[in-house]
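Undergrad: Sharing structure.cif (mmCIF, C-alpha atoms) below.
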```cif
data_run
#
loop_
_atom_site.group_PDB
_atom_site.id
_atom_site.type_symbol
_atom_site.label_atom_id
_atom_site.label_comp_id
_atom_site.auth_asym_id
_atom_site.auth_seq_id
_atom_site.Cartn_x
_atom_site.Cartn_y
_atom_site.Cartn_z
ATOM 1 C CA MET A 8 0.000 0.000 0.000
ATOM 2 C CA LYS A 9 1.339 3.431 -0.950
ATOM 3 C CA PRO A 10 1.638 6.104 1.795
ATOM 4 C CA ASP A 11 -1.010 8.211 0.042
ATOM 5 C CA ASP A 12 -3.451 5.319 0.372
ATOM 6 C CA VAL A 13 -3.495 5.431 4.183
ATOM 7 C CA THR A 14 -6.596 7.640 4.346
ATOM 8 C CA ASN A 15 -8.372 5.519 1.760
ATOM 9 C CA HIS A 16 -7.948 2.355 3.846
ATOM 10 C CA ARG A 17 -8.305 3.767 7.365
ATOM 11 C CA PHE A 18 -11.407 2.712 9.262
ATOM 12 C CA VAL A 19 -13.581 5.764 9.864
ATOM 13 C CA LEU A 20 -13.918 5.092 13.611
ATOM 14 C CA ASP A 21 -10.152 4.907 14.122
ATOM 15 C CA MET A 22 -9.480 7.412 16.937
ATOM 16 C CA LYS A 23 -5.804 7.840 15.961
ATOM 17 C CA SER A 24 -6.612 10.023 12.961
ATOM 18 C CA ALA A 25 -5.889 13.364 14.653
ATOM 19 C CA GLN A 26 -2.669 12.033 16.217
ATOM 20 C CA ASP A 27 -1.455 10.673 12.891
ATOM 21 C CA LEU A 28 -2.295 13.975 11.196
ATOM 22 C CA ARG A 29 -0.070 15.874 13.620
ATOM 23 C CA ALA A 30 2.715 13.343 13.129
ATOM 24 C CA LYS A 31 2.450 13.728 9.364
ATOM 25 C CA PHE A 32 2.746 17.506 9.683
ATOM 26 C CA LYS A 33 5.992 17.140 11.602
ATOM 27 C CA GLN A 34 7.473 14.718 9.074
ATOM 28 C CA ASP A 35 6.209 16.380 5.894
ATOM 29 C CA PRO A 36 4.155 19.622 6.184
ATOM 30 C CA GLN A 37 3.010 19.470 2.562
ATOM 31 C CA ALA A 38 1.721 15.917 3.000
ATOM 32 C CA GLY A 39 -0.005 17.023 6.202
ATOM 33 C CA ILE A 40 -1.779 19.801 4.333
ATOM 34 C CA LYS A 41 -2.921 17.339 1.664
ATOM 35 C CA GLU A 42 -4.285 14.998 4.344
ATOM 36 C CA THR A 43 -6.109 17.859 6.077
ATOM 37 C CA ALA A 44 -7.755 18.904 2.818
ATOM 38 C CA LYS A 45 -8.949 15.350 2.214
ATOM 39 C CA GLN A 46 -10.497 15.217 5.658
ATOM 40 C CA PHE A 47 -12.375 18.460 5.046
ATOM 41 C CA GLU A 48 -13.756 17.134 1.776
ATOM 42 C CA GLY A 49 -14.752 13.880 3.457
ATOM 43 C CA MET A 50 -16.661 15.769 6.186
ATOM 44 C CA PHE A 51 -18.547 17.750 3.565
ATOM 45 C CA LEU A 52 -19.471 14.640 1.586
ATOM 46 C CA GLN A 53 -20.585 12.927 4.789
ATOM 47 C CA MET A 54 -23.088 15.729 5.464
ATOM 48 C CA VAL A 55 -24.369 15.466 1.893
ATOM 49 C CA MET A 56 -24.901 11.708 2.238
ATOM 50 C CA LYS A 57 -26.624 12.162 5.582
ATOM 51 C CA SER A 58 -29.066 14.633 4.022
ATOM 52 C CA MET A 59 -29.822 12.070 1.314
ATOM 53 C CA ARG A 60 -30.430 9.372 3.944
ATOM 54 C CA ASP A 61 -32.733 11.667 5.898
ATOM 55 C CA ALA A 62 -34.790 12.302 2.761
ATOM 56 C CA THR A 63 -35.292 8.570 2.161
ATOM 57 C CA PRO A 64 -38.238 6.773 3.866
ATOM 58 C CA ALA A 65 -36.942 4.457 6.597
ATOM 59 C CA ASP A 66 -39.964 2.363 7.527
ATOM 60 C CA GLY A 67 -39.087 -0.872 5.752
ATOM 61 C CA LEU A 68 -39.152 -4.366 7.204
ATOM 62 C CA PHE A 69 -35.416 -4.474 7.819
ATOM 63 C CA ASN A 70 -35.026 -0.979 9.237
ATOM 64 C CA SER A 71 -33.925 -0.752 12.878
ATOM 65 C CA ASP A 72 -31.570 1.182 15.113
ATOM 66 C CA ALA A 73 -28.861 -1.341 14.277
ATOM 67 C CA THR A 74 -29.221 -1.003 10.502
ATOM 68 C CA ARG A 75 -29.334 2.781 10.788
ATOM 69 C CA PHE A 76 -26.129 2.728 12.812
ATOM 70 C CA TYR A 77 -24.300 0.553 10.281
ATOM 71 C CA ASN A 78 -25.623 2.671 7.406
ATOM 72 C CA THR A 79 -24.188 5.732 9.130
ATOM 73 C CA VAL A 80 -20.778 4.062 9.503
ATOM 74 C CA LEU A 81 -20.925 2.937 5.856
ATOM 75 C CA ASP A 82 -21.730 6.468 4.695
ATOM 76 C CA GLN A 83 -18.881 7.868 6.765
ATOM 77 C CA GLN A 84 -16.466 5.314 5.313
ATOM 78 C CA LEU A 85 -17.580 6.024 1.755
ATOM 79 C CA SER A 86 -17.301 9.774 2.334
ATOM 80 C CA GLN A 87 -13.782 9.352 3.665
ATOM 81 C CA GLN A 88 -12.742 7.284 0.672
ATOM 82 C CA LEU A 89 -14.321 9.700 -1.818
ATOM 83 C CA GLY A 90 -12.613 12.635 -0.105
ATOM 84 C CA ALA A 91 -9.275 10.822 -0.183
ATOM 85 C CA SER A 92 -9.645 10.006 -3.885
ATOM 86 C CA GLY A 93 -9.674 13.697 -4.819
ATOM 87 C CA GLN A 94 -12.256 13.123 -7.549
ATOM 88 C CA ILE A 95 -14.667 15.790 -6.295
ATOM 89 C CA GLY A 96 -12.125 18.602 -6.363
ATOM 90 C CA PHE A 97 -12.813 20.427 -3.098
ATOM 91 C CA ALA A 98 -9.689 19.005 -1.469
ATOM 92 C CA ARG A 99 -7.430 20.552 -4.117
ATOM 93 C CA GLN A 100 -8.869 24.018 -3.470
ATOM 94 C CA ILE A 101 -8.546 23.639 0.297
ATOM 95 C CA GLU A 102 -5.002 22.318 -0.098
ATOM 96 C CA ALA A 103 -4.057 25.369 -2.153
ATOM 97 C CA GLN A 104 -5.370 27.686 0.584
ATOM 98 C CA LEU A 105 -3.615 25.816 3.389
ATOM 99 C CA GLY A 106 -0.423 25.684 1.349
ATOM 100 C CA ARG A 107 -0.054 29.437 1.611
ATOM 101 C CA LEU A 108 0.438 29.058 5.368
ATOM 102 C CA ILE A 109 3.923 27.616 4.874
ATOM 103 C CA ALA A 110 4.737 29.315 1.584
ATOM 104 C CA GLN A 111 4.999 32.844 2.988
ATOM 105 C CA PRO A 112 7.766 34.235 5.273
ATOM 106 C CA ALA A 113 7.201 34.745 8.982
ATOM 107 C CA ALA A 114 7.691 38.526 8.794
ATOM 108 C CA GLY A 115 4.495 40.489 9.276
ATOM 109 C CA GLN A 116 2.769 37.438 10.708
ATOM 110 C CA VAL A 117 -1.004 37.615 11.004
ATOM 111 C CA PRO A 118 -2.390 36.600 14.432
ATOM 112 C CA GLU A 119 -3.030 32.891 14.597
ATOM 113 C CA ALA A 120 -6.639 33.448 15.627
ATOM 114 C CA ALA A 121 -7.383 35.106 12.293
ATOM 115 C CA ALA A 122 -5.573 32.293 10.509
ATOM 116 C CA VAL A 123 -7.727 29.665 12.171
ATOM 117 C CA ALA A 124 -10.818 31.606 11.212
ATOM 118 C CA SER A 125 -9.686 31.573 7.581
ATOM 119 C CA LEU A 126 -9.627 27.759 7.579
ATOM 120 C CA ARG A 127 -13.315 27.406 8.333
ATOM 121 C CA ILE A 128 -15.039 26.201 5.157
ATOM 122 C CA SER A 129 -16.659 29.310 3.761
ATOM 123 C CA GLY A 130 -17.629 30.954 0.519
ATOM 124 C CA ARG A 131 -16.214 34.234 1.767
ATOM 125 C CA GLN A 132 -12.762 35.610 0.883
ATOM 126 C CA ALA A 133 -10.285 33.828 3.139
ATOM 127 C CA VAL A 134 -7.629 35.604 5.170
ATOM 128 C CA GLN A 135 -4.187 34.719 3.822
ATOM 129 C CA PRO A 136 -1.994 34.433 6.914
ATOM 130 C CA ALA A 137 1.764 34.202 6.921
ATOM 131 C CA GLY A 138 3.491 31.940 9.398
ATOM 132 C CA SER A 139 5.870 29.111 10.160
ATOM 133 C CA ILE A 140 5.456 25.417 9.473
ATOM 134 C CA GLN A 141 4.723 24.883 13.170
ATOM 135 C CA GLY A 142 2.038 27.546 12.991
ATOM 136 C CA ALA A 143 0.444 25.856 9.998
ATOM 137 C CA GLU A 144 0.426 22.554 11.864
ATOM 138 C CA ARG A 145 -1.328 24.051 14.897
ATOM 139 C CA ILE A 146 -3.822 25.979 12.791
ATOM 140 C CA ALA A 147 -4.843 23.114 10.529
ATOM 141 C CA ALA A 148 -4.985 20.594 13.360
ATOM 142 C CA SER A 149 -7.141 23.013 15.381
ATOM 143 C CA ALA A 150 -9.556 23.499 12.505
ATOM 144 C CA VAL A 151 -9.881 19.780 11.819
ATOM 145 C CA SER A 152 -10.215 18.783 15.471
ATOM 146 C CA THR A 153 -12.866 21.456 16.101
ATOM 147 C CA ILE A 154 -15.151 20.138 13.392
ATOM 148 C CA ALA A 155 -14.305 16.490 14.079
ATOM 149 C CA ALA A 156 -15.154 16.921 17.767
ATOM 150 C CA LEU A 157 -18.724 17.879 16.959
ATOM 151 C CA PRO A 158 -21.329 15.116 16.451
ATOM 152 C CA ALA A 159 -21.262 13.861 12.863
ATOM 153 C CA ASP A 160 -25.012 13.311 12.796
ATOM 154 C CA SER A 161 -26.007 16.829 13.826
ATOM 155 C CA ALA A 162 -25.902 18.650 10.484
ATOM 156 C CA SER A 163 -29.365 18.436 9.007
ATOM 157 C CA ALA A 164 -31.778 21.359 9.384
ATOM 158 C CA PRO A 165 -30.719 24.716 7.898
ATOM 159 C CA ILE A 166 -29.562 27.415 10.291
ATOM 160 C CA SER A 167 -30.364 31.104 10.334
ATOM 161 C CA GLU A 168 -28.044 33.717 8.870
ATOM 162 C CA GLY A 169 -28.035 35.375 12.294
ATOM 163 C CA ALA A 170 -26.469 32.334 13.951
ATOM 164 C CA ARG A 171 -23.914 31.990 11.177
ATOM 165 C CA ASP A 172 -22.979 35.678 11.336
ATOM 166 C CA PHE A 173 -22.675 35.496 15.118
ATOM 167 C CA VAL A 174 -20.196 32.616 14.908
ATOM 168 C CA ASN A 175 -18.237 34.459 12.210
ATOM 169 C CA ARG A 176 -17.907 37.500 14.477
ATOM 170 C CA VAL A 177 -16.753 35.717 17.604
ATOM 171 C CA TRP A 178 -14.809 32.721 16.304
ATOM 172 C CA PRO A 179 -11.331 34.341 16.042
ATOM 173 C CA HIS A 180 -11.640 35.675 19.601
ATOM 174 C CA ALA A 181 -12.805 32.271 20.861
ATOM 175 C CA VAL A 182 -9.718 30.649 19.369
ATOM 176 C CA GLU A 183 -7.507 33.141 21.175
ATOM 177 C CA ALA A 184 -9.326 32.565 24.487
ATOM 178 C CA SER A 185 -9.032 28.828 23.985
ATOM 179 C CA ARG A 186 -5.261 29.086 24.158
ATOM 180 C CA SER A 187 -5.292 30.549 27.661
ATOM 181 C CA THR A 188 -8.086 28.397 29.099
ATOM 182 C CA GLY A 189 -7.379 25.042 27.481
ATOM 183 C CA VAL A 190 -11.075 24.834 26.566
ATOM 184 C CA PRO A 191 -11.986 24.091 22.915
ATOM 185 C CA ALA A 192 -12.973 27.228 21.017
ATOM 186 C CA HIS A 193 -16.376 25.905 19.996
ATOM 187 C CA PHE A 194 -17.314 25.381 23.666
ATOM 188 C CA LEU A 195 -16.652 29.087 24.259
ATOM 189 C CA VAL A 196 -18.692 30.068 21.202
ATOM 190 C CA ALA A 197 -21.547 27.906 22.499
ATOM 191 C CA HIS A 198 -21.369 29.643 25.881
ATOM 192 C CA ALA A 199 -21.572 33.058 24.220
ATOM 193 C CA ALA A 200 -24.484 31.829 22.095
ATOM 194 C CA LEU A 201 -26.382 30.691 25.180
ATOM 195 C CA GLU A 202 -25.865 33.981 27.010
ATOM 196 C CA THR A 203 -26.840 36.167 24.047
ATOM 197 C CA GLY A 204 -29.329 34.022 22.123
ATOM 198 C CA TRP A 205 -26.864 33.750 19.206
ATOM 199 C CA GLY A 206 -26.291 37.501 19.387
ATOM 200 C CA LYS A 207 -29.952 38.493 19.358
ATOM 201 C CA SER A 208 -30.086 39.444 23.041
ATOM 202 C CA GLU A 209 -26.771 41.142 23.681
ATOM 203 C CA ILE A 210 -26.728 43.504 26.636
ATOM 204 C CA ARG A 211 -27.177 47.031 25.286
ATOM 205 C CA ARG A 212 -25.989 50.410 26.488
ATOM 206 C CA PRO A 213 -28.588 53.190 27.040
ATOM 207 C CA ASP A 214 -27.944 54.492 23.507
ATOM 208 C CA GLY A 215 -28.690 51.073 22.029
ATOM 209 C CA SER A 216 -25.094 50.175 21.181
ATOM 210 C CA SER A 217 -23.666 46.825 22.226
ATOM 211 C CA SER A 218 -21.864 46.408 25.524
ATOM 212 C CA HIS A 219 -19.996 43.507 23.860
ATOM 213 C CA ASN A 220 -20.672 41.496 27.029
ATOM 214 C CA LEU A 221 -21.124 38.047 25.501
ATOM 215 C CA PHE A 222 -21.008 36.053 28.727
ATOM 216 C CA GLY A 223 -23.309 37.918 31.106
ATOM 217 C CA ILE A 224 -20.441 38.813 33.444
ATOM 218 C CA LYS A 225 -21.650 41.143 36.174
ATOM 219 C CA ALA A 226 -19.880 44.303 37.312
ATOM 220 C CA GLY A 227 -19.073 43.636 40.952
ATOM 221 C CA ARG A 228 -17.379 45.997 43.368
ATOM 222 C CA SER A 229 -13.937 44.998 42.123
ATOM 223 C CA TRP A 230 -14.751 45.935 38.516
ATOM 224 C CA GLN A 231 -13.060 49.206 37.505
ATOM 225 C CA GLY A 232 -14.296 49.447 33.934
ATOM 226 C CA ALA A 233 -17.490 50.641 32.290
ATOM 227 C CA SER A 234 -20.798 49.023 33.187
ATOM 228 C CA VAL A 235 -24.407 48.975 32.057
ATOM 229 C CA GLU A 236 -27.603 48.134 33.922
ATOM 230 C CA ALA A 237 -29.900 45.585 32.318
ATOM 231 C CA ALA A 238 -32.871 43.392 33.120
ATOM 232 C CA THR A 239 -32.115 39.737 33.757
ATOM 233 C CA THR A 240 -33.596 36.616 35.328
ATOM 234 C CA GLU A 241 -32.291 35.082 38.527
ATOM 235 C CA TYR A 242 -33.382 31.806 40.065
ATOM 236 C CA VAL A 243 -34.066 31.621 43.788
ATOM 237 C CA ASP A 244 -34.722 28.103 45.068
ATOM 238 C CA GLY A 245 -35.329 27.088 41.474
ATOM 239 C CA VAL A 246 -37.936 29.792 40.835
ATOM 240 C CA ALA A 247 -37.288 32.405 38.122
ATOM 241 C CA GLN A 248 -37.489 36.003 39.268
ATOM 242 C CA PRO A 249 -36.950 39.219 37.264
ATOM 243 C CA ALA A 250 -34.056 41.392 38.405
ATOM 244 C CA LYS A 251 -31.916 44.341 37.382
ATOM 245 C CA GLU A 252 -28.158 43.985 37.570
ATOM 246 C CA LYS A 253 -25.044 45.852 36.527
ATOM 247 C CA PHE A 254 -22.981 44.130 33.851
ATOM 248 C CA ARG A 255 -19.501 44.781 32.552
ATOM 249 C CA ALA A 256 -19.226 46.729 29.294
ATOM 250 C CA TYR A 257 -16.373 46.290 26.846
ATOM 251 C CA ALA A 258 -14.994 48.175 23.879
ATOM 252 C CA SER A 259 -14.966 45.073 21.669
ATOM 253 C CA TYR A 260 -15.690 41.353 21.495
ATOM 254 C CA ALA A 261 -11.953 40.744 21.776
ATOM 255 C CA ASP A 262 -11.950 42.512 25.165
ATOM 256 C CA ALA A 263 -14.966 40.472 26.257
ATOM 257 C CA PHE A 264 -13.275 37.171 25.428
ATOM 258 C CA ARG A 265 -10.040 38.241 27.124
ATOM 259 C CA ASP A 266 -11.885 39.155 30.314
ATOM 260 C CA TYR A 267 -13.886 35.910 30.196
ATOM 261 C CA ALA A 268 -10.720 33.855 29.689
ATOM 262 C CA SER A 269 -9.035 35.700 32.563
ATOM 263 C CA LEU A 270 -12.023 34.997 34.804
ATOM 264 C CA LEU A 271 -11.886 31.271 34.103
ATOM 265 C CA ALA A 272 -8.110 30.978 34.271
ATOM 266 C CA ASN A 273 -7.462 33.108 37.354
ATOM 267 C CA ASN A 274 -10.475 32.582 39.611
ATOM 268 C CA PRO A 275 -9.977 29.444 41.771
ATOM 269 C CA ARG A 276 -13.684 28.737 41.713
ATOM 270 C CA TYR A 277 -13.409 27.856 38.006
ATOM 271 C CA ALA A 278 -10.448 25.515 38.410
ATOM 272 C CA GLY A 279 -12.665 22.610 37.361
ATOM 273 C CA VAL A 280 -13.642 24.399 34.142
ATOM 274 C CA VAL A 281 -10.168 25.209 32.814
ATOM 275 C CA GLY A 282 -8.837 22.550 30.465
ATOM 276 C CA GLN A 283 -12.140 20.713 30.061
ATOM 277 C CA GLN A 284 -12.255 18.793 26.769
ATOM 278 C CA ASP A 285 -15.711 17.253 27.183
ATOM 279 C CA GLY A 286 -18.676 19.471 26.355
ATOM 280 C CA THR A 287 -21.006 18.062 28.979
ATOM 281 C CA ALA A 288 -18.320 18.218 31.666
ATOM 282 C CA PHE A 289 -17.512 21.800 30.688
ATOM 283 C CA ALA A 290 -21.163 22.829 31.041
ATOM 284 C CA ARG A 291 -21.605 21.011 34.351
ATOM 285 C CA SER A 292 -18.382 22.455 35.763
ATOM 286 C CA LEU A 293 -19.557 25.977 34.989
ATOM 287 C CA GLN A 294 -22.862 25.379 36.753
ATOM 288 C CA GLN A 295 -21.226 23.695 39.740
ATOM 289 C CA ALA A 296 -18.884 26.685 40.078
ATOM 290 C CA GLY A 297 -21.923 28.937 40.367
ATOM 291 C CA TYR A 298 -21.626 30.690 37.014
ATOM 292 C CA ALA A 299 -25.426 30.918 36.711
ATOM 293 C CA THR A 300 -28.432 30.326 38.955
ATOM 294 C CA ASP A 301 -30.577 28.640 36.284
ATOM 295 C CA PRO A 302 -30.900 24.972 37.361
ATOM 296 C CA MET A 303 -31.070 23.946 33.680
ATOM 297 C CA TYR A 304 -28.018 25.976 32.654
ATOM 298 C CA ALA A 305 -25.680 23.024 32.105
ATOM 299 C CA GLU A 306 -28.249 21.125 30.074
ATOM 300 C CA LYS A 307 -28.950 24.145 27.857
ATOM 301 C CA LEU A 308 -25.252 24.724 27.227
ATOM 302 C CA SER A 309 -24.634 21.046 26.497
ATOM 303 C CA ARG A 310 -27.405 21.055 23.894
ATOM 304 C CA ILE A 311 -25.815 23.984 22.068
ATOM 305 C CA ILE A 312 -22.343 22.422 22.153
ATOM 306 C CA SER A 313 -23.616 19.180 20.622
ATOM 307 C CA GLY A 314 -26.321 20.705 18.439
ATOM 308 C CA SER A 315 -26.619 21.117 14.683
ATOM 309 C CA THR A 316 -26.682 24.926 14.713
ATOM 310 C CA LEU A 317 -23.131 25.253 16.019
ATOM 311 C CA ARG A 318 -21.773 22.532 13.775
ATOM 312 C CA GLN A 319 -23.297 23.960 10.625
ATOM 313 C CA ALA A 320 -22.176 27.477 11.483
ATOM 314 C CA LEU A 321 -18.609 26.217 11.851
ATOM 315 C CA VAL A 322 -18.534 24.487 8.462
ATOM 316 C CA SER A 323 -20.634 26.937 6.428
#
```
Please express what this file holds, its structure, as structure tokens.

TA:
Amino acid sequence: MKPDDVTNHRFVLDMKSAQDLRAKFKQDPQAGIKETAKQFEGMFLQMVMKSMRDATPADGLFNSDATRFYNTVLDQQLSQQLGASGQIGFARQIEAQLGRLIAQPAAGQVPEAAAVASLRISGRQAVQPAGSIQGAERIAASAVSTIAALPADSASAPISEGARDFVNRVWPHAVEASRSTGVPAHFLVAHAALETGWGKSEIRRPDGSSSHNLFGIKAGRSWQGASVEAATTEYVDGVAQPAKEKFRAYASYADAFRDYASLLANNPRYAGVVGQQDGTAFARSLQQAGYATDPMYAEKLSRIISGSTLRQALVS
């Protein structure tokens, strides 16, 4: 078997894929880029095949949970093999974009957060970052692992433009915050989505402009910056009650994410949150640390992390 045939013959449920991708980057960056592009194409084809399955009636005599499971695995395997074959053509375009990451000199380097944002599959003009081979490895691996970590069966119903635009706005800042908290970037995006209703319910200043407070962080006595008063809901003994509280106000989303990351990383009460790699555990740790009084907070956050809206926004 030729080295290039590894992806073609790898079982789709093999959990060593991400590890092998990183190893390939270290040995041969160009081969690593090619492998990354194939994986992106395979993910796209998998979503297409799932949509076709969903549109097909599944009430036959031999249909069951078991057959549906094996059909899903079969579709994933076929998608992987089609993506690895390069016959569709998407992989070549993605490879060309990723190739620029190691083709340009390190001088004038664009922040890595913007580079990661440029790797999200999108019809928009991509940012063309400059950087080192090591930077390309981290960026591509981060992009692949983010999408791969989300449930493969969650991309079905279309999402609103508002949700997609919200993710586009905050994603680069989430990537940056991820580096200091050890929490995957898409978990942080999900948290911001929960607190703001995908950007529809951001806390506003008196003049109607955004406070850029994406995480509902209150302005306590130790807060020295700007603040804004807003209506909120607090739960007392499990009962929702309206309240008015002062919240922190920021100059930008970047400032909001930096303050949020600092809160998680430096406040001992959130020690169990920092570094969490499991979405459900991340949500539960936040609630156990007292981040919110809503008794259903962890469940709501978990649903967003594992839901179709976030996944589709990340790959669209």

Undergrad: To one decimal place in Å, what is the distance between CA of Ser216 in chain A and CA of Pro179 in chain A?

TA: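 Distance reported for this atom pair: 21.6 Å.
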
Undergrad: So that I can see what lies close to Ser185 in chain A, please list as a PyMOL selection string the residues with an atom at most 8 Å from it, counting only C-alpha atoms and leaving out residues fewer than 5 positions away in the same chain.

TA: chain A and resi 190-192+195+268

Undergrad: Limited to C-alpha atoms, could you put the picked residues into a file as a PDB file, in the coordinates of the input?

TA:
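Output saved as part-v1.pdb:
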```pdb
ATOM      1  CA  VAL A 190     -11.075  24.834  26.566  1.00  0.00           C
ATOM      2  CA  PRO A 191     -11.986  24.091  22.915  1.00  0.00           C
ATOM      3  CA  ALA A 192     -12.973  27.228  21.017  1.00  0.00           C
ATOM      4  CA  LEU A 195     -16.652  29.087  24.259  1.00  0.00           C
ATOM      5  CA  ALA A 268     -10.720  33.855  29.689  1.00  0.00           C
TER       6      ALA A 268
END
```

Undergrad: Pick from A:Tyr277, A:Gly282, A:Gln319, A:Lys253: nearest to Gln295 in chain A, with all atoms listed in the file counted?

TA: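 Checking each candidate against Gln295 in chain A, we get A:Tyr277 as the closest.
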
Undergrad: Running the PyMOL selection byres ((chain A and resi 309) around 12) on this model by hand, what would come out? Give it as a PDB file with C-alpha atoms, in the coordinates of the input.

TA:
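Printed below is expr00.pdb as written:
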```
ATOM      1  CA  LEU A 157     -18.724  17.879  16.959  1.00  0.00           C
ATOM      2  CA  HIS A 193     -16.376  25.905  19.996  1.00  0.00           C
ATOM      3  CA  PHE A 194     -17.314  25.381  23.666  1.00  0.00           C
ATOM      4  CA  LEU A 195     -16.652  29.087  24.259  1.00  0.00           C
ATOM      5  CA  ALA A 197     -21.547  27.906  22.499  1.00  0.00           C
ATOM      6  CA  HIS A 198     -21.369  29.643  25.881  1.00  0.00           C
ATOM      7  CA  ALA A 200     -24.484  31.829  22.095  1.00  0.00           C
ATOM      8  CA  LEU A 201     -26.382  30.691  25.180  1.00  0.00           C
ATOM      9  CA  ASP A 285     -15.711  17.253  27.183  1.00  0.00           C
ATOM     10  CA  GLY A 286     -18.676  19.471  26.355  1.00  0.00           C
ATOM     11  CA  THR A 287     -21.006  18.062  28.979  1.00  0.00           C
ATOM     12  CA  ALA A 288     -18.320  18.218  31.666  1.00  0.00           C
ATOM     13  CA  PHE A 289     -17.512  21.800  30.688  1.00  0.00           C
ATOM     14  CA  ALA A 290     -21.163  22.829  31.041  1.00  0.00           C
ATOM     15  CA  ARG A 291     -21.605  21.011  34.351  1.00  0.00           C
ATOM     16  CA  SER A 292     -18.382  22.455  35.763  1.00  0.00           C
ATOM     17  CA  LEU A 293     -19.557  25.977  34.989  1.00  0.00           C
ATOM     18  CA  GLN A 294     -22.862  25.379  36.753  1.00  0.00           C
ATOM     19  CA  MET A 303     -31.070  23.946  33.680  1.00  0.00           C
ATOM     20  CA  TYR A 304     -28.018  25.976  32.654  1.00  0.00           C
ATOM     21  CA  ALA A 305     -25.680  23.024  32.105  1.00  0.00           C
ATOM     22  CA  GLU A 306     -28.249  21.125  30.074  1.00  0.00           C
ATOM     23  CA  LYS A 307     -28.950  24.145  27.857  1.00  0.00           C
ATOM     24  CA  LEU A 308     -25.252  24.724  27.227  1.00  0.00           C
ATOM     25  CA  ARG A 310     -27.405  21.055  23.894  1.00  0.00           C
ATOM     26  CA  ILE A 311     -25.815  23.984  22.068  1.00  0.00           C
ATOM     27  CA  ILE A 312     -22.343  22.422  22.153  1.00  0.00           C
ATOM     28  CA  SER A 313     -23.616  19.180  20.622  1.00  0.00           C
ATOM     29  CA  GLY A 314     -26.321  20.705  18.439  1.00  0.00           C
ATOM     30  CA  SER A 315     -26.619  21.117  14.683  1.00  0.00           C
ATOM     31  CA  LEU A 317     -23.131  25.253  16.019  1.00  0.00           C
TER      32      LEU A 317
END
```

Undergrad: When distances are computed from all atoms listed in the file, which of A:Gln283, A:Ser86, A:Ile40, A:Asn78 shows the smallest separation from Asp61 in chain A?

TA: A:Asn78

Undergrad: Could you work out how far CA of Asn220 in chain A lies from CA of Ala256 in chain A, giving the answer in Å with one decimal?

TA: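 A separation of 5.9 Å between them.
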
Undergrad: Please measure the separation of CA of Thr188 in chain A and CA of Ala226 in chain A, giving the value in Å to one decimal.

TA: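 That distance, rounded to one decimal, is 21.4 Å.
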
Undergrad: With the file shown as input, list the residues that the PyMOL selection byres ((chain A and resi 257) around 12) selects, as a ChimeraX atom specification.

TA: /A:210-212,216-226,230-235,254-256,258-267

Undergrad: Tell me, as a PDB file with C-alpha atoms, in the coordinates of the input, which residues lie within 8 Å of Glu252 in chain A, counting only C-alpha atoms; anything in the same chain fewer than 2 positions away does not count.

TA:
```pdb
ATOM      1  CA  LYS A 225     -21.650  41.143  36.174  1.00  0.00           C
ATOM      2  CA  GLU A 236     -27.603  48.134  33.922  1.00  0.00           C
ATOM      3  CA  ALA A 237     -29.900  45.585  32.318  1.00  0.00           C
ATOM      4  CA  ALA A 238     -32.871  43.392  33.120  1.00  0.00           C
ATOM      5  CA  THR A 239     -32.115  39.737  33.757  1.00  0.00           C
ATOM      6  CA  ALA A 250     -34.056  41.392  38.405  1.00  0.00           C
ATOM      7  CA  PHE A 254     -22.981  44.130  33.851  1.00  0.00           C
TER       8      PHE A 254
END
```

Undergrad: Write out as a list in words which residues come within 8 Å of Lys207 in chain A when counting only C-alpha atoms, dropping same-chain ones fewer than 3 positions away.

TA: Gly169, Thr203 and Gly204 of chain A

Undergrad: Need to verify the contact set: Arg171 in chain A, 9 Å, all atoms listed in the file, exclusion of same-chain residues closer than 6 positions in sequence. Can you return it as an NGL selection string?

TA: :A and (205 or 316-317 or 319-321 or 323)

Undergrad: Here is a test: counting all atoms listed in the file, which residue of A:Glu209, A:Asp301, A:Asp82, A:Asp214 is nearest to Tyr242 in chain A?

TA: A:Asp301

Undergrad: Choose the residue, out of A:Phe173, A:Gly189, A:Trp178, A:Gln53, that has the smallest atom-to-atom separation from Ser208 in chain A; count only C-alpha atoms.

TA: A:Phe173
